[in-house]
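First the structure, in the form of structure tokens, and then the observations on it.
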Amino acid sequence: MDPRHLVQLATILEKGSITQASRHLHLTQPTLTHNMQTLEMQAGGTLFERSRFGVRSTPLGEMLAREGRAIARRLQDASEVGARHRGGLNRQLRLGSGPIVGAALLPGLVQVLQRQFPDMALRVQSDRPHLLVEQLIDGRQDLVIAPSWLDKPPPGIERCLMVKDDLGVYCGAAHPLAARGRLDPGDADGMPWISLGTASPFDQAVGEMLRVAGVESPRNDIAVLGEAFVLLRILSAGGHLSVLPHYPMRLLQAQFPVTELKLSVPSQPRPIYLWCRAPLLEDPRFLAIRDAILAYAASL
């Protein structure tokens with residue numbers, strides 16, 4: 001199989017049509033169609049189905065598209081290596097963080113790392129924790145700051161505790177429940193909620209905490225993907241409730257007028273970890289960077 005064809009398949013499924021993919025890839029539609037026919041013949045099956053709404057992947061097509069996405073990521077990594085070399089940035093740290101903890105920690109942490117390691121270039125990314133850990137496993141991140149939904153880290157990945165944290169329920173200062181400062185059973189009936197992401201691996205734990213607190217069916221009106229400041233601005237307006245971690249919210253409350261609502265049940269634990277690939281722990285410089293991050297988080 002031609003690796004380029006796999007990348008093209010992944011683009012078709014991402015864009016939803018051959019027309020949009022051909023524009024993105026700067027290929028003619030007949031060329032792209034011919035390449036997909038070749039790939040289908042080599043794979044021995046149909047890769048996607050066409051309809052008036054676009055294309056829909058078959059199971060075989062999705063498996064091959066996953067390989068195409070991996071190839072595209074590797075090509076992007078190679079491009080970054082070249083860009084770093086041309087710019088004289090041969091030392092780069094790729095640091096990922098969950099949205100809320102990133103909003104609280106990263107601005108100050110970046111300054112600390114630049115002072116302590118002035119010859120190091122930083123590439124910072126904020127995204128959903130489970131996606132960042134997947135990128136870490138794939139070698140696309142060096143360090144990730146995020147909570148854990150796993151009993152133990154995946155093979156080849158190490159993590160160390162940064163902060164013992166738990167969850168709370170928050171609302172804007174203008175919310176009807178803000179003045180009372182607590183959430184009793186039945187209080188939130190019919191009230192809208194806002195969350196970070198959809199289909200999160202943390203959903204079950206959050207749902208259980210709310211159920212025990214007397215919130216049987218929270219109405220999640222808005223889901224914000226990987227963007228903490230948008231969520232916090234909407235939450236501050238006073239129309240929604242949200243479950244958020246205590247540690248970063250304590251650091252962010254000076255910027256956003258939000259109120260924590262006390263619960264009648266214990267908070268759900270949500271410790272924050274620093275994740276890394278195990279081989280990097282053999283590098284003394286990397287260990288110094290890791291220790292600087294841990295020390296900064298502890299100082300707050």
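Within each chain, counting starts at residue 1; across the structure tokens, chains are named A, B, ... in the order shown, with ligands numbered 1 upward in that order.
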
Members of region 55-130 of chain A assigned helix (DSSP H, G or I) by DSSP, as a PyMOL selection string: chain A and resi 59-86+99-116+129-130

Would you mind writing down, as a PyMOL selection string, each residue of region 40-262 of chain A that DSSP on the backbone assigns to strand (DSSP E or B)? chain A and resi 48-51+54-57+92-97+121-126+143-147+157-163+166-172+182-183+192-196+219-224+241-245+258-262

List as a PDB file with all heavy atoms, in the first residue's frame the protein and nucleic acid residues near Ala188 (chain A), meaning an atom at most 10 Å away when only C-alpha atoms are counted, but skip any in the same chain fewer than 2 places from it.
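Listing of part.pdb after writing:
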```pdb
ATOM      1  N   LEU A 177     -28.623  29.978  43.058  1.00  0.00           N
ATOM      2  CA  LEU A 177     -28.137  29.223  44.210  1.00  0.00           C
ATOM      3  C   LEU A 177     -26.888  29.825  44.842  1.00  0.00           C
ATOM      4  O   LEU A 177     -26.448  29.374  45.898  1.00  0.00           O
ATOM      5  CB  LEU A 177     -27.836  27.774  43.801  1.00  0.00           C
ATOM      6  CG  LEU A 177     -29.027  26.940  43.321  1.00  0.00           C
ATOM      7  CD1 LEU A 177     -28.557  25.542  42.905  1.00  0.00           C
ATOM      8  CD2 LEU A 177     -30.094  26.839  44.402  1.00  0.00           C
ATOM      9  N   LEU A 183     -25.701  23.186  47.715  1.00  0.00           N
ATOM     10  CA  LEU A 183     -26.576  22.475  46.792  1.00  0.00           C
ATOM     11  C   LEU A 183     -27.258  21.355  47.568  1.00  0.00           C
ATOM     12  O   LEU A 183     -26.614  20.382  47.956  1.00  0.00           O
ATOM     13  CB  LEU A 183     -25.767  21.896  45.624  1.00  0.00           C
ATOM     14  CG  LEU A 183     -26.565  21.137  44.552  1.00  0.00           C
ATOM     15  CD1 LEU A 183     -27.522  22.075  43.822  1.00  0.00           C
ATOM     16  CD2 LEU A 183     -25.620  20.474  43.557  1.00  0.00           C
ATOM     17  N   ASP A 184     -28.544  21.504  47.806  1.00  0.00           N
ATOM     18  CA  ASP A 184     -29.331  20.490  48.511  1.00  0.00           C
ATOM     19  C   ASP A 184     -30.078  19.626  47.503  1.00  0.00           C
ATOM     20  O   ASP A 184     -30.292  20.036  46.355  1.00  0.00           O
ATOM     21  CB  ASP A 184     -30.333  21.160  49.456  1.00  0.00           C
ATOM     22  CG  ASP A 184     -29.643  21.919  50.586  1.00  0.00           C
ATOM     23  OD1 ASP A 184     -28.548  21.476  50.992  1.00  0.00           O
ATOM     24  OD2 ASP A 184     -30.183  22.938  51.050  1.00  0.00           O
ATOM     25  N   PRO A 185     -30.503  18.403  47.909  1.00  0.00           N
ATOM     26  CA  PRO A 185     -31.256  17.545  46.994  1.00  0.00           C
ATOM     27  C   PRO A 185     -32.471  18.262  46.411  1.00  0.00           C
ATOM     28  O   PRO A 185     -33.241  18.901  47.133  1.00  0.00           O
ATOM     29  CB  PRO A 185     -31.674  16.368  47.891  1.00  0.00           C
ATOM     30  CG  PRO A 185     -30.604  16.300  48.930  1.00  0.00           C
ATOM     31  CD  PRO A 185     -30.230  17.733  49.202  1.00  0.00           C
ATOM     32  N   GLY A 186     -32.614  18.187  45.110  1.00  0.00           N
ATOM     33  CA  GLY A 186     -33.741  18.803  44.439  1.00  0.00           C
ATOM     34  C   GLY A 186     -33.510  20.233  43.996  1.00  0.00           C
ATOM     35  O   GLY A 186     -34.287  20.772  43.192  1.00  0.00           O
ATOM     36  N   GLY A 190     -34.096  20.788  36.809  1.00  0.00           N
ATOM     37  CA  GLY A 190     -34.417  21.620  35.666  1.00  0.00           C
ATOM     38  C   GLY A 190     -33.400  22.688  35.336  1.00  0.00           C
ATOM     39  O   GLY A 190     -33.556  23.388  34.340  1.00  0.00           O
ATOM     40  N   MET A 191     -32.382  22.852  36.185  1.00  0.00           N
ATOM     41  CA  MET A 191     -31.380  23.885  35.913  1.00  0.00           C
ATOM     42  C   MET A 191     -30.352  23.378  34.904  1.00  0.00           C
ATOM     43  O   MET A 191     -29.968  22.205  34.936  1.00  0.00           O
ATOM     44  CB  MET A 191     -30.666  24.288  37.209  1.00  0.00           C
ATOM     45  CG  MET A 191     -31.542  25.064  38.169  1.00  0.00           C
ATOM     46  SD  MET A 191     -30.610  25.647  39.600  1.00  0.00           S
ATOM     47  CE  MET A 191     -31.869  26.654  40.418  1.00  0.00           C
ATOM     48  N   PRO A 192     -29.866  24.231  34.013  1.00  0.00           N
ATOM     49  CA  PRO A 192     -28.896  23.800  32.994  1.00  0.00           C
ATOM     50  C   PRO A 192     -27.479  23.681  33.555  1.00  0.00           C
ATOM     51  O   PRO A 192     -27.095  24.431  34.452  1.00  0.00           O
ATOM     52  CB  PRO A 192     -28.972  24.905  31.945  1.00  0.00           C
ATOM     53  CG  PRO A 192     -29.389  26.123  32.713  1.00  0.00           C
ATOM     54  CD  PRO A 192     -30.292  25.634  33.809  1.00  0.00           C
ATOM     55  N   TRP A 193     -26.723  22.747  32.998  1.00  0.00           N
ATOM     56  CA  TRP A 193     -25.331  22.512  33.380  1.00  0.00           C
ATOM     57  C   TRP A 193     -24.443  22.727  32.159  1.00  0.00           C
ATOM     58  O   TRP A 193     -24.882  22.614  31.019  1.00  0.00           O
ATOM     59  CB  TRP A 193     -25.134  21.085  33.904  1.00  0.00           C
ATOM     60  CG  TRP A 193     -25.835  20.813  35.201  1.00  0.00           C
ATOM     61  CD1 TRP A 193     -27.187  20.713  35.394  1.00  0.00           C
ATOM     62  CD2 TRP A 193     -25.228  20.617  36.474  1.00  0.00           C
ATOM     63  NE1 TRP A 193     -27.457  20.459  36.710  1.00  0.00           N
ATOM     64  CE2 TRP A 193     -26.277  20.397  37.408  1.00  0.00           C
ATOM     65  CE3 TRP A 193     -23.914  20.598  36.933  1.00  0.00           C
ATOM     66  CZ2 TRP A 193     -26.036  20.162  38.753  1.00  0.00           C
ATOM     67  CZ3 TRP A 193     -23.661  20.353  38.277  1.00  0.00           C
ATOM     68  CH2 TRP A 193     -24.713  20.153  39.169  1.00  0.00           C
ATOM     69  N   GLY A 214     -28.152  14.165  45.276  1.00  0.00           N
ATOM     70  CA  GLY A 214     -29.563  14.442  45.038  1.00  0.00           C
ATOM     71  C   GLY A 214     -29.864  15.041  43.683  1.00  0.00           C
ATOM     72  O   GLY A 214     -30.978  15.506  43.447  1.00  0.00           O
ATOM     73  N   VAL A 215     -28.887  15.046  42.777  1.00  0.00           N
ATOM     74  CA  VAL A 215     -29.117  15.538  41.410  1.00  0.00           C
ATOM     75  C   VAL A 215     -29.248  14.313  40.510  1.00  0.00           C
ATOM     76  O   VAL A 215     -28.246  13.719  40.097  1.00  0.00           O
ATOM     77  CB  VAL A 215     -27.969  16.449  40.936  1.00  0.00           C
ATOM     78  CG1 VAL A 215     -28.267  16.980  39.543  1.00  0.00           C
ATOM     79  CG2 VAL A 215     -27.754  17.593  41.917  1.00  0.00           C
ATOM     80  N   GLU A 216     -30.471  13.921  40.229  1.00  0.00           N
ATOM     81  CA  GLU A 216     -30.704  12.659  39.541  1.00  0.00           C
ATOM     82  C   GLU A 216     -30.399  12.729  38.045  1.00  0.00           C
ATOM     83  O   GLU A 216     -29.752  11.854  37.500  1.00  0.00           O
ATOM     84  CB  GLU A 216     -32.158  12.217  39.757  1.00  0.00           C
ATOM     85  CG  GLU A 216     -32.470  11.824  41.194  1.00  0.00           C
ATOM     86  CD  GLU A 216     -31.722  10.574  41.631  1.00  0.00           C
ATOM     87  OE1 GLU A 216     -31.288   9.793  40.753  1.00  0.00           O
ATOM     88  OE2 GLU A 216     -31.558  10.376  42.851  1.00  0.00           O
ATOM     89  N   SER A 217     -30.856  13.752  37.382  1.00  0.00           N
ATOM     90  CA  SER A 217     -30.702  13.842  35.921  1.00  0.00           C
ATOM     91  C   SER A 217     -30.276  15.251  35.525  1.00  0.00           C
ATOM     92  O   SER A 217     -31.109  16.050  35.079  1.00  0.00           O
ATOM     93  CB  SER A 217     -32.007  13.454  35.217  1.00  0.00           C
ATOM     94  OG  SER A 217     -32.388  12.141  35.551  1.00  0.00           O
ATOM     95  N   PRO A 218     -28.991  15.595  35.701  1.00  0.00           N
ATOM     96  CA  PRO A 218     -28.558  16.947  35.328  1.00  0.00           C
ATOM     97  C   PRO A 218     -28.740  17.192  33.825  1.00  0.00           C
ATOM     98  O   PRO A 218     -28.427  16.325  33.008  1.00  0.00           O
ATOM     99  CB  PRO A 218     -27.078  16.957  35.711  1.00  0.00           C
ATOM    100  CG  PRO A 218     -26.676  15.518  35.777  1.00  0.00           C
ATOM    101  CD  PRO A 218     -27.890  14.765  36.208  1.00  0.00           C
ATOM    102  N   ARG A 219     -29.253  18.359  33.491  1.00  0.00           N
ATOM    103  CA  ARG A 219     -29.506  18.707  32.095  1.00  0.00           C
ATOM    104  C   ARG A 219     -28.288  19.440  31.544  1.00  0.00           C
ATOM    105  O   ARG A 219     -28.095  20.629  31.779  1.00  0.00           O
ATOM    106  CB  ARG A 219     -30.745  19.604  32.012  1.00  0.00           C
ATOM    107  CG  ARG A 219     -31.328  19.719  30.605  1.00  0.00           C
ATOM    108  CD  ARG A 219     -32.485  20.693  30.578  1.00  0.00           C
ATOM    109  NE  ARG A 219     -32.026  22.076  30.505  1.00  0.00           N
ATOM    110  CZ  ARG A 219     -32.690  23.103  31.022  1.00  0.00           C
ATOM    111  NH1 ARG A 219     -33.783  22.902  31.711  1.00  0.00           N
ATOM    112  NH2 ARG A 219     -32.224  24.338  30.892  1.00  0.00           N
ATOM    113  N   HIS A 240     -25.625  28.764  34.600  1.00  0.00           N
ATOM    114  CA  HIS A 240     -25.340  27.329  34.577  1.00  0.00           C
ATOM    115  C   HIS A 240     -24.652  26.864  35.858  1.00  0.00           C
ATOM    116  O   HIS A 240     -24.116  27.666  36.623  1.00  0.00           O
ATOM    117  CB  HIS A 240     -24.446  26.981  33.377  1.00  0.00           C
ATOM    118  CG  HIS A 240     -25.094  27.184  32.057  1.00  0.00           C
ATOM    119  ND1 HIS A 240     -25.223  28.424  31.478  1.00  0.00           N
ATOM    120  CD2 HIS A 240     -25.672  26.300  31.193  1.00  0.00           C
ATOM    121  CE1 HIS A 240     -25.845  28.305  30.315  1.00  0.00           C
ATOM    122  NE2 HIS A 240     -26.119  27.032  30.122  1.00  0.00           N
ATOM    123  N   LEU A 241     -24.673  25.548  36.031  1.00  0.00           N
ATOM    124  CA  LEU A 241     -23.908  24.856  37.067  1.00  0.00           C
ATOM    125  C   LEU A 241     -22.842  24.012  36.378  1.00  0.00           C
ATOM    126  O   LEU A 241     -23.012  23.606  35.227  1.00  0.00           O
ATOM    127  CB  LEU A 241     -24.817  23.953  37.901  1.00  0.00           C
ATOM    128  CG  LEU A 241     -25.950  24.631  38.676  1.00  0.00           C
ATOM    129  CD1 LEU A 241     -26.973  23.597  39.123  1.00  0.00           C
ATOM    130  CD2 LEU A 241     -25.399  25.380  39.879  1.00  0.00           C
TER     131      LEU A 241
END
```

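The neighbours of Ala297 (chain A) here are the residues that come within 12 Å of it, using only C-alpha atoms and leaving out any residue fewer than 4 positions away in the same chain; they are Val101, Gly102, Ala104, Leu105, Leu106, Gly108, Leu109, Val110, Val112, Ile145, Leu161, Met162, Val163, Lys164, Tyr247, Pro248, Leu251, Ile272, Tyr273, Leu274, Arg290, Asp291, Ala292 and Ile293 of chain A.
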
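Every protein or nucleic acid residue with an atom no more than 10 Å from Ile289 (chain A), counting only C-alpha atoms and leaving out same-chain residues fewer than 6 positions away, appears here: Leu93, Leu113, Gln116, Phe117, Leu143 and Ala295 of chain A.
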